[in-house]
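Text of target_29.tsv, listed as TSV, C-alpha atoms:
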```tsv
chain	number	residue	atom	x	y	z
A	1	MET	CA	18.11	90.07	54.67
A	2	LYS	CA	19.46	86.80	53.27
A	3	LEU	CA	23.11	86.02	53.99
A	4	ALA	CA	25.46	84.92	51.22
A	5	ALA	CA	26.71	81.33	51.38
A	6	ASP	CA	30.12	82.27	52.79
A	7	LEU	CA	28.56	84.23	55.64
A	8	ARG	CA	26.07	81.42	56.38
A	9	ALA	CA	29.00	79.04	56.70
A	10	PHE	CA	30.84	81.53	58.91
A	11	GLU	CA	27.72	81.91	61.05
A	12	GLY	CA	27.84	78.16	61.57
A	13	ARG	CA	31.49	78.31	62.63
A	14	LEU	CA	30.61	81.01	65.15
A	15	GLY	CA	27.82	78.91	66.58
A	16	HIS	CA	25.43	81.87	66.65
A	17	LYS	CA	22.49	82.31	64.28
A	18	PHE	CA	21.78	85.99	63.82
A	19	SER	CA	18.28	87.34	64.25
A	20	ASN	CA	19.57	90.46	62.50
A	21	PRO	CA	21.96	89.28	59.76
A	22	GLU	CA	22.85	92.87	58.89
A	23	LEU	CA	24.89	93.03	62.09
A	24	LEU	CA	27.05	90.15	60.88
A	25	LEU	CA	27.52	91.77	57.48
A	26	GLN	CA	28.51	95.07	59.08
A	27	SER	CA	30.99	93.34	61.38
A	28	VAL	CA	32.96	91.92	58.45
A	29	THR	CA	32.82	95.09	56.30
A	30	HIS	CA	36.09	97.02	56.29
A	31	ALA	CA	36.20	100.80	55.92
A	32	SER	CA	37.87	100.39	52.52
A	33	ILE	CA	34.56	99.24	51.01
A	34	SER	CA	32.03	101.16	53.11
A	35	SER	CA	29.60	103.68	51.63
A	36	PRO	CA	26.68	105.87	52.77
A	37	THR	CA	24.44	102.81	52.40
A	38	ARG	CA	26.93	100.25	53.73
A	39	ALA	CA	28.27	100.75	57.26
A	40	ASP	CA	31.75	99.54	58.15
A	41	ASN	CA	32.80	97.71	61.30
A	42	GLN	CA	34.69	100.46	63.15
A	43	ARG	CA	31.94	101.32	65.62
A	44	LEU	CA	31.33	97.65	66.32
A	45	GLU	CA	35.06	97.17	66.90
A	46	PHE	CA	34.95	99.85	69.60
A	47	LEU	CA	32.13	98.05	71.42
A	48	GLY	CA	33.54	94.55	70.90
A	49	ASP	CA	36.84	95.50	72.50
A	50	ARG	CA	34.98	96.41	75.71
A	51	VAL	CA	32.81	93.29	75.68
A	52	LEU	CA	35.88	91.10	75.18
A	53	GLY	CA	37.64	92.82	78.07
A	54	LEU	CA	34.79	92.25	80.52
A	55	VAL	CA	34.27	88.63	79.55
A	56	MET	CA	37.99	87.87	79.65
A	57	ALA	CA	38.47	89.48	83.05
A	58	GLU	CA	35.70	87.33	84.51
A	59	ALA	CA	36.95	84.19	82.74
A	60	LEU	CA	40.47	84.60	84.14
A	61	LEU	CA	39.15	85.22	87.65
A	62	THR	CA	37.07	82.07	87.41
A	63	ALA	CA	39.91	80.00	85.94
A	64	ASP	CA	42.25	80.79	88.85
A	65	THR	CA	40.43	81.86	92.00
A	66	GLY	CA	43.68	82.28	93.92
A	67	ALA	CA	45.54	84.51	91.44
A	68	ALA	CA	46.61	87.96	92.54
A	69	GLU	CA	46.03	91.06	90.45
A	70	GLY	CA	49.70	91.12	89.51
A	71	GLN	CA	49.33	87.64	88.02
A	72	LEU	CA	46.00	88.29	86.33
A	73	ALA	CA	46.98	91.54	84.59
A	74	PRO	CA	49.63	90.09	82.25
A	75	ARG	CA	47.38	87.13	81.48
A	76	PHE	CA	44.57	89.50	80.59
A	77	ASN	CA	46.83	91.56	78.34
A	78	ALA	CA	48.01	88.40	76.59
A	79	MET	CA	44.43	87.27	75.92
A	80	VAL	CA	43.04	90.55	74.54
A	81	ARG	CA	45.99	91.93	72.58
A	82	LYS	CA	45.64	92.32	68.83
A	83	GLU	CA	47.92	89.38	68.00
A	84	THR	CA	45.79	86.97	70.01
A	85	CYS	CA	42.58	88.29	68.48
A	86	ALA	CA	44.09	87.83	65.02
A	87	ASP	CA	45.05	84.23	65.86
A	88	VAL	CA	41.49	83.51	66.99
A	89	ALA	CA	40.20	85.13	63.79
A	90	ARG	CA	42.37	82.77	61.75
A	91	ASP	CA	41.06	79.79	63.72
A	92	ILE	CA	37.53	80.50	62.51
A	93	GLY	CA	38.42	81.60	58.98
A	94	LEU	CA	37.32	85.20	59.48
A	95	GLY	CA	39.71	86.48	56.82
A	96	ASP	CA	37.88	84.47	54.17
A	97	VAL	CA	34.62	86.41	54.66
A	98	LEU	CA	35.94	89.94	55.10
A	99	LYS	CA	34.47	92.52	52.75
A	100	LEU	CA	37.38	94.63	51.52
A	101	GLY	CA	38.03	97.30	48.96
A	102	ARG	CA	40.15	96.31	45.97
A	103	SER	CA	43.32	98.05	47.15
A	104	GLU	CA	43.09	96.49	50.63
A	105	MET	CA	42.43	93.09	49.12
A	106	MET	CA	45.39	93.36	46.74
A	107	SER	CA	47.70	94.32	49.62
A	108	GLY	CA	46.89	91.13	51.52
A	109	GLY	CA	44.23	92.56	53.82
A	110	ARG	CA	42.75	89.15	54.62
A	111	ARG	CA	45.99	88.20	56.37
A	112	LYS	CA	46.80	91.48	58.11
A	113	GLU	CA	47.03	91.08	61.86
A	114	ALA	CA	45.51	94.42	62.83
A	115	LEU	CA	42.66	94.07	60.35
A	116	LEU	CA	41.82	90.53	61.54
A	117	GLY	CA	41.97	91.51	65.19
A	118	ASP	CA	39.74	94.52	64.66
A	119	ALA	CA	37.23	92.47	62.68
A	120	LEU	CA	37.02	89.82	65.38
A	121	GLU	CA	36.19	92.48	67.96
A	122	ALA	CA	33.48	93.74	65.61
A	123	VAL	CA	32.05	90.22	65.30
A	124	ILE	CA	31.95	89.94	69.10
A	125	ALA	CA	29.99	93.21	69.24
A	126	ALA	CA	27.60	91.98	66.57
A	127	VAL	CA	26.87	88.83	68.59
A	128	TYR	CA	26.42	90.95	71.73
A	129	LEU	CA	23.95	93.30	70.05
A	130	ASP	CA	22.08	90.43	68.41
A	131	GLY	CA	21.91	87.95	71.27
A	132	GLY	CA	22.86	89.81	74.44
A	133	PHE	CA	25.72	89.45	76.89
A	134	ALA	CA	25.20	85.73	77.47
A	135	ALA	CA	25.61	84.99	73.76
A	136	ALA	CA	28.80	87.05	73.52
A	137	GLN	CA	30.17	85.48	76.68
A	138	ALA	CA	29.50	81.97	75.36
A	139	LEU	CA	31.23	82.81	72.07
A	140	ILE	CA	34.33	84.28	73.68
A	141	THR	CA	34.61	81.51	76.26
A	142	ARG	CA	34.46	78.88	73.53
A	143	LEU	CA	36.88	80.57	71.12
A	144	TRP	CA	39.45	81.38	73.81
A	145	ALA	CA	39.00	78.20	75.91
A	146	GLY	CA	42.32	76.59	75.02
A	147	ARG	CA	44.23	79.82	75.43
A	148	ILE	CA	42.69	80.57	78.82
A	149	ALA	CA	43.59	77.09	80.02
A	150	THR	CA	47.24	77.38	78.98
A	151	VAL	CA	48.04	81.08	79.49
A	152	LYS	CA	51.26	81.34	81.45
A	153	GLU	CA	51.42	83.05	84.80
A	154	ASP	CA	53.97	85.45	83.40
A	155	ALA	CA	52.30	86.36	80.11
A	156	ARG	CA	54.00	89.71	79.63
A	157	ASP	CA	54.82	90.94	76.18
A	158	PRO	CA	58.31	89.51	75.39
A	159	LYS	CA	59.72	92.98	74.63
A	160	THR	CA	58.53	94.28	78.00
A	161	ALA	CA	59.89	91.22	79.78
A	162	LEU	CA	63.31	91.55	78.14
A	163	GLN	CA	63.50	95.28	78.93
A	164	GLU	CA	62.66	94.61	82.59
A	165	TRP	CA	65.28	91.84	82.71
A	166	ALA	CA	67.93	94.17	81.27
A	167	GLN	CA	67.08	97.13	83.51
A	168	ALA	CA	67.14	94.92	86.61
A	169	ARG	CA	70.81	94.27	85.75
A	170	GLY	CA	71.73	97.89	85.15
A	171	MET	CA	71.57	97.71	81.36
A	172	THR	CA	69.96	100.18	79.02
A	173	PRO	CA	66.83	99.03	77.16
A	174	PRO	CA	67.41	96.55	74.29
A	175	THR	CA	67.83	97.93	70.79
A	176	TYR	CA	65.97	96.54	67.77
A	177	THR	CA	67.26	96.75	64.21
A	178	GLU	CA	65.46	95.70	61.04
A	179	LYS	CA	67.98	93.56	59.16
A	180	ALA	CA	66.01	92.53	56.11
A	181	ARG	CA	62.65	92.61	54.40
A	182	SER	CA	61.67	90.07	51.81
A	183	GLY	CA	58.62	88.68	50.06
A	184	PRO	CA	55.92	90.45	48.03
A	185	ASP	CA	54.30	93.67	49.25
A	186	HIS	CA	51.08	91.88	50.16
A	187	GLN	CA	52.89	89.25	52.25
A	188	PRO	CA	56.21	90.67	53.51
A	189	LEU	CA	58.66	89.01	55.88
A	190	PHE	CA	60.69	91.08	58.33
A	191	THR	CA	63.95	90.02	59.96
A	192	VAL	CA	64.75	91.93	63.15
A	193	ALA	CA	67.71	91.67	65.52
A	194	VAL	CA	67.67	92.62	69.21
A	195	ARG	CA	70.84	93.44	71.13
A	196	LEU	CA	71.72	94.04	74.78
A	197	ASP	CA	74.52	96.10	76.34
A	198	ASN	CA	76.54	92.92	76.86
A	199	ASP	CA	76.50	92.37	73.06
A	200	GLU	CA	74.24	89.33	73.34
A	201	SER	CA	71.75	89.26	70.48
A	202	GLU	CA	69.14	87.22	68.68
A	203	SER	CA	67.21	87.67	65.46
A	204	ALA	CA	63.87	86.44	64.18
A	205	THR	CA	61.71	86.60	61.07
A	206	ALA	CA	57.95	87.12	60.98
A	207	GLY	CA	55.15	88.55	58.86
A	208	THR	CA	55.09	91.87	60.75
A	209	LYS	CA	57.88	93.94	62.22
A	210	ARG	CA	56.27	93.84	65.65
A	211	ALA	CA	55.94	90.04	65.57
A	212	ALA	CA	59.60	89.71	64.54
A	213	GLU	CA	60.67	91.99	67.40
A	214	GLN	CA	58.64	89.94	69.86
A	215	ALA	CA	60.04	86.65	68.60
A	216	ALA	CA	63.61	87.94	68.81
A	217	ALA	CA	63.03	89.29	72.31
A	218	ARG	CA	61.48	86.01	73.41
A	219	ALA	CA	64.43	84.01	72.09
A	220	LEU	CA	67.03	86.27	73.68
A	221	LEU	CA	65.27	86.37	77.05
A	222	ALA	CA	64.95	82.58	77.11
A	223	ARG	CA	68.67	82.21	76.45
A	224	MET	CA	69.67	84.82	79.02
A	225	GLU	CA	67.51	83.22	81.71
A	226	GLN	CA	68.87	79.79	80.88
A	227	ASP	CA	72.47	81.02	81.18
A	228	THR	CA	71.97	82.72	84.55
```
Entire entry expressed as structure tokens:
Amino acid sequence: MKLAADLRAFEGRLGHKFSNPELLLQSVTHASISSPTRADNQRLEFLGDRVLGLVMAEALLTADTGAAEGQLAPRFNAMVRKETCADVARDIGLGDVLKLGRSEMMSGGRRKEALLGDALEAVIAAVYLDGGFAAAQALITRLWAGRIATVKEDARDPKTALQEWAQARGMTPPTYTEKARSGPDHQPLFTVAVRLDNDESESATAGTKRAAEQAAARALLARMEQDT
């Protein structure tokens, strides 16, 4: 099989030349365009998630040999969550080579966080199946190197961290309210506000509701911790 020019360029960005190019094509093929003769990337995503988890666990252990499990767990979660995978996918231009159905493409599929994250896991699986564990480990270590080096000791999800902060002070969990939605359907912007029992609040805007909630929680927690 001969790869199209865009996939050859992507192969170069990955730093892995496929012995079986069909694995690369499958890894970037979304279910919206699959057919009986064209497999999508869902099975590869399942495998890639597990490969990423193993490699990341070992990488974090190696990066900080003195860290306790309670320190490593939130770092691990921060490195493998869908948002991080989507950010890595953007770094290597994965969205540009995704094979999507027309409706998914028209709705902005190349920029969707969940779709990008899933596709990156599928690419990891494709490299693993094509070149073995060492090849997948080298890929992940290179793509995540900067993030591993700078991941904070307390890398909990901001919403979880804010809820724990509130509950430790006898408050009920924070409440989140969607205040506005703007932009076209294929590239919406969500504005979300978070509020505590003490009437302190913050709001944030992002491309997904979840990201807006996280940004608002992060901002409010930072202010609360600064004031105490």
Checklist entry - Nearest to A:Pro174 among A:Thr29, A:Gln214, A:Gln137, A:Gln71, with distances taken over only C-alpha atoms: which residue is it? => result A:Gln214
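The closest residue to A:Met106, picked from A:Glu164, A:Glu178, A:Asp185, A:Asp64 and counting all atoms listed in the file, is A:Asp185.
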Item to check | Nearby residues, (36.9, 84.6, 72.5) file frame, 9 Å, all atoms listed in the file, as a PyMOL selection string | outcome: chain A and resi 52+55-56+79-80+85+88+120+124+136-145
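Near A:Lys17, within a cut-off of 10 Å and counting only C-alpha atoms, sit the residues Arg8, Phe10, Glu11, Gly12, Leu24, Val127, Asp130 and Gly131 of chain A, with same-chain residues fewer than 5 positions away left out.
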Next on the checklist: Quick check, in Å to one decimal: how far apart do atom CA of A:Ala31 and atom CA of A:Gly108 lie?
Outcome noted: 15.1 Å
Could I get the residues of stretch 23-78 of chain A with an atom no further than 10 Å from an atom of stretch 99-104 of chain A, each paired with its nearest atom pair and that distance in Å to one decimal, using all atoms listed in the file, sorted by chain and residue number, as JSON lines?
```
{"residue": "A:Leu25", "atom": "CA", "partner": "A:Lys99", "partner_atom": "CA", "distance": 8.4}
{"residue": "A:Gln26", "atom": "CA", "partner": "A:Lys99", "partner_atom": "CA", "distance": 9.1}
{"residue": "A:Ser27", "atom": "CA", "partner": "A:Lys99", "partner_atom": "CA", "distance": 9.3}
{"residue": "A:Val28", "atom": "CA", "partner": "A:Lys99", "partner_atom": "CA", "distance": 5.9}
{"residue": "A:Thr29", "atom": "CA", "partner": "A:Lys99", "partner_atom": "CA", "distance": 4.7}
{"residue": "A:His30", "atom": "CA", "partner": "A:Leu100", "partner_atom": "CA", "distance": 5.5}
{"residue": "A:Ala31", "atom": "CA", "partner": "A:Leu100", "partner_atom": "CA", "distance": 7.7}
{"residue": "A:Ser32", "atom": "CA", "partner": "A:Gly101", "partner_atom": "CA", "distance": 4.7}
{"residue": "A:Ile33", "atom": "CA", "partner": "A:Gly101", "partner_atom": "CA", "distance": 4.5}
{"residue": "A:Ser34", "atom": "CA", "partner": "A:Gly101", "partner_atom": "CA", "distance": 8.3}
{"residue": "A:Asp40", "atom": "CA", "partner": "A:Lys99", "partner_atom": "CA", "distance": 9.3}
```
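The two atoms in question, atom CA of A:Ala168 and atom CA of A:Glu83, are spaced 27.3 Å apart.
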Next on the checklist: I need the residue nearest A:Arg90 from this list: A:Glu113, A:Glu69, A:Glu45, A:Asp197. Use all atoms listed in the file for the distance.
Outcome noted: A:Glu113
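Of the listed residues (A:Leu196, A:Ile92, A:Ala149, A:Ala86), A:Leu196 comes nearest to A:Thr172; the distances count all atoms listed in the file.
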Checklist entry - How far is it from atom CA of A:Gly207 to atom CA of A:Asn77, in Å with one decimal? => result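 Between atom CA of A:Gly207 and atom CA of A:Asn77 the gap works out to 21.4 Å.
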Checklist entry - Using all atoms listed in the file, which of A:Ile148, A:Leu221, A:Leu162, A:Leu129 sits nearest A:Val51? => result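 The closest residue to A:Val51 is A:Leu129.
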Item to check | Nearest candidate to A:Ala114 (options A:Ala73, A:Ala39, A:Ala211, A:Ala217; using all atoms listed in the file) | outcome: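 Using all atoms listed in the file, A:Ala114 sits closest to A:Ala211.
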Next on the checklist: Please list as a list in words every residue within 12 Å of A:Ser201, counting only C-alpha atoms and excluding residues in the same chain fewer than 2 positions away.
Outcome noted: Leu162, Pro174, Thr175, Tyr176, Thr177, Val192, Ala193, Val194, Arg195, Leu196, Asp197, Asn198, Asp199, Ser203, Ala204, Glu213, Ala216, Ala217, Arg218, Ala219, Leu220, Leu221, Ala222, Arg223 and Met224 of chain A
Provide stretch 153-183 of chain A rebuilt to N, CA and C atoms, formatted as a PDB file, in the coordinates of the input.
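Resulting contents of selection_37.pdb:
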```pdb
ATOM      1  N   GLU A 153      51.539  82.097  83.698  1.00  0.00           N
ATOM      2  CA  GLU A 153      51.420  83.050  84.800  1.00  0.00           C
ATOM      3  C   GLU A 153      52.112  84.354  84.454  1.00  0.00           C
ATOM      4  N   ASP A 154      53.279  84.247  83.832  1.00  0.00           N
ATOM      5  CA  ASP A 154      53.970  85.450  83.400  1.00  0.00           C
ATOM      6  C   ASP A 154      53.749  85.576  81.903  1.00  0.00           C
ATOM      7  N   ALA A 155      52.672  86.250  81.515  1.00  0.00           N
ATOM      8  CA  ALA A 155      52.300  86.360  80.110  1.00  0.00           C
ATOM      9  C   ALA A 155      52.608  87.746  79.570  1.00  0.00           C
ATOM     10  N   ARG A 156      53.633  88.378  80.106  1.00  0.00           N
ATOM     11  CA  ARG A 156      54.000  89.710  79.630  1.00  0.00           C
ATOM     12  C   ARG A 156      54.444  89.670  78.172  1.00  0.00           C
ATOM     13  N   ASP A 157      54.283  90.786  77.528  1.00  0.00           N
ATOM     14  CA  ASP A 157      54.820  90.940  76.180  1.00  0.00           C
ATOM     15  C   ASP A 157      56.323  90.670  76.244  1.00  0.00           C
ATOM     16  N   PRO A 158      56.873  89.852  75.325  1.00  0.00           N
ATOM     17  CA  PRO A 158      58.310  89.510  75.390  1.00  0.00           C
ATOM     18  C   PRO A 158      59.225  90.728  75.382  1.00  0.00           C
ATOM     19  N   LYS A 159      58.874  91.789  74.657  1.00  0.00           N
ATOM     20  CA  LYS A 159      59.720  92.980  74.630  1.00  0.00           C
ATOM     21  C   LYS A 159      59.742  93.646  76.004  1.00  0.00           C
ATOM     22  N   THR A 160      58.587  93.703  76.658  1.00  0.00           N
ATOM     23  CA  THR A 160      58.530  94.280  78.000  1.00  0.00           C
ATOM     24  C   THR A 160      59.334  93.437  78.979  1.00  0.00           C
ATOM     25  N   ALA A 161      59.179  92.116  78.871  1.00  0.00           N
ATOM     26  CA  ALA A 161      59.890  91.220  79.780  1.00  0.00           C
ATOM     27  C   ALA A 161      61.407  91.338  79.617  1.00  0.00           C
ATOM     28  N   LEU A 162      61.871  91.422  78.376  1.00  0.00           N
ATOM     29  CA  LEU A 162      63.310  91.550  78.140  1.00  0.00           C
ATOM     30  C   LEU A 162      63.826  92.890  78.654  1.00  0.00           C
ATOM     31  N   GLN A 163      63.070  93.962  78.444  1.00  0.00           N
ATOM     32  CA  GLN A 163      63.500  95.280  78.930  1.00  0.00           C
ATOM     33  C   GLN A 163      63.600  95.279  80.454  1.00  0.00           C
ATOM     34  N   GLU A 164      62.626  94.671  81.124  1.00  0.00           N
ATOM     35  CA  GLU A 164      62.660  94.610  82.590  1.00  0.00           C
ATOM     36  C   GLU A 164      63.849  93.777  83.067  1.00  0.00           C
ATOM     37  N   TRP A 165      64.145  92.688  82.359  1.00  0.00           N
ATOM     38  CA  TRP A 165      65.280  91.840  82.710  1.00  0.00           C
ATOM     39  C   TRP A 165      66.585  92.644  82.594  1.00  0.00           C
ATOM     40  N   ALA A 166      66.708  93.392  81.503  1.00  0.00           N
ATOM     41  CA  ALA A 166      67.930  94.170  81.270  1.00  0.00           C
ATOM     42  C   ALA A 166      68.078  95.281  82.312  1.00  0.00           C
ATOM     43  N   GLN A 167      67.013  96.011  82.570  1.00  0.00           N
ATOM     44  CA  GLN A 167      67.080  97.130  83.510  1.00  0.00           C
ATOM     45  C   GLN A 167      67.368  96.647  84.925  1.00  0.00           C
ATOM     46  N   ALA A 168      66.874  95.467  85.282  1.00  0.00           N
ATOM     47  CA  ALA A 168      67.140  94.920  86.610  1.00  0.00           C
ATOM     48  C   ALA A 168      68.629  94.628  86.802  1.00  0.00           C
ATOM     49  N   ARG A 169      69.372  94.547  85.699  1.00  0.00           N
ATOM     50  CA  ARG A 169      70.810  94.270  85.750  1.00  0.00           C
ATOM     51  C   ARG A 169      71.641  95.479  85.365  1.00  0.00           C
ATOM     52  N   GLY A 170      71.022  96.645  85.399  1.00  0.00           N
ATOM     53  CA  GLY A 170      71.730  97.890  85.150  1.00  0.00           C
ATOM     54  C   GLY A 170      72.016  98.183  83.698  1.00  0.00           C
ATOM     55  N   MET A 171      71.361  97.478  82.791  1.00  0.00           N
ATOM     56  CA  MET A 171      71.570  97.710  81.360  1.00  0.00           C
ATOM     57  C   MET A 171      70.576  98.726  80.831  1.00  0.00           C
ATOM     58  N   THR A 172      70.906  99.323  79.709  1.00  0.00           N
ATOM     59  CA  THR A 172      69.960 100.180  79.020  1.00  0.00           C
ATOM     60  C   THR A 172      68.948  99.294  78.285  1.00  0.00           C
ATOM     61  N   PRO A 173      67.820  99.843  77.860  1.00  0.00           N
ATOM     62  CA  PRO A 173      66.830  99.030  77.160  1.00  0.00           C
ATOM     63  C   PRO A 173      67.409  98.385  75.896  1.00  0.00           C
ATOM     64  N   PRO A 174      66.932  97.224  75.509  1.00  0.00           N
ATOM     65  CA  PRO A 174      67.410  96.550  74.290  1.00  0.00           C
ATOM     66  C   PRO A 174      67.172  97.416  73.054  1.00  0.00           C
ATOM     67  N   THR A 175      68.014  97.226  72.052  1.00  0.00           N
ATOM     68  CA  THR A 175      67.830  97.930  70.790  1.00  0.00           C
ATOM     69  C   THR A 175      67.399  96.949  69.711  1.00  0.00           C
ATOM     70  N   TYR A 176      66.503  97.387  68.837  1.00  0.00           N
ATOM     71  CA  TYR A 176      65.970  96.540  67.770  1.00  0.00           C
ATOM     72  C   TYR A 176      66.350  97.144  66.419  1.00  0.00           C
ATOM     73  N   THR A 177      66.825  96.298  65.530  1.00  0.00           N
ATOM     74  CA  THR A 177      67.260  96.750  64.210  1.00  0.00           C
ATOM     75  C   THR A 177      66.642  95.857  63.137  1.00  0.00           C
ATOM     76  N   GLU A 178      65.996  96.472  62.168  1.00  0.00           N
ATOM     77  CA  GLU A 178      65.460  95.700  61.040  1.00  0.00           C
ATOM     78  C   GLU A 178      66.626  95.337  60.119  1.00  0.00           C
ATOM     79  N   LYS A 179      66.856  94.050  59.951  1.00  0.00           N
ATOM     80  CA  LYS A 179      67.980  93.560  59.160  1.00  0.00           C
ATOM     81  C   LYS A 179      67.618  93.285  57.709  1.00  0.00           C
ATOM     82  N   ALA A 180      66.396  92.881  57.480  1.00  0.00           N
ATOM     83  CA  ALA A 180      66.010  92.530  56.110  1.00  0.00           C
ATOM     84  C   ALA A 180      64.500  92.542  55.974  1.00  0.00           C
ATOM     85  N   ARG A 181      64.063  92.734  54.752  1.00  0.00           N
ATOM     86  CA  ARG A 181      62.650  92.610  54.400  1.00  0.00           C
ATOM     87  C   ARG A 181      62.583  91.884  53.071  1.00  0.00           C
ATOM     88  N   SER A 182      61.772  90.859  53.026  1.00  0.00           N
ATOM     89  CA  SER A 182      61.670  90.070  51.810  1.00  0.00           C
ATOM     90  C   SER A 182      60.206  89.741  51.535  1.00  0.00           C
ATOM     91  N   GLY A 183      59.968  89.076  50.426  1.00  0.00           N
ATOM     92  CA  GLY A 183      58.620  88.680  50.060  1.00  0.00           C
ATOM     93  C   GLY A 183      57.876  89.783  49.325  1.00  0.00           C
TER      94      GLY A 183
END
```
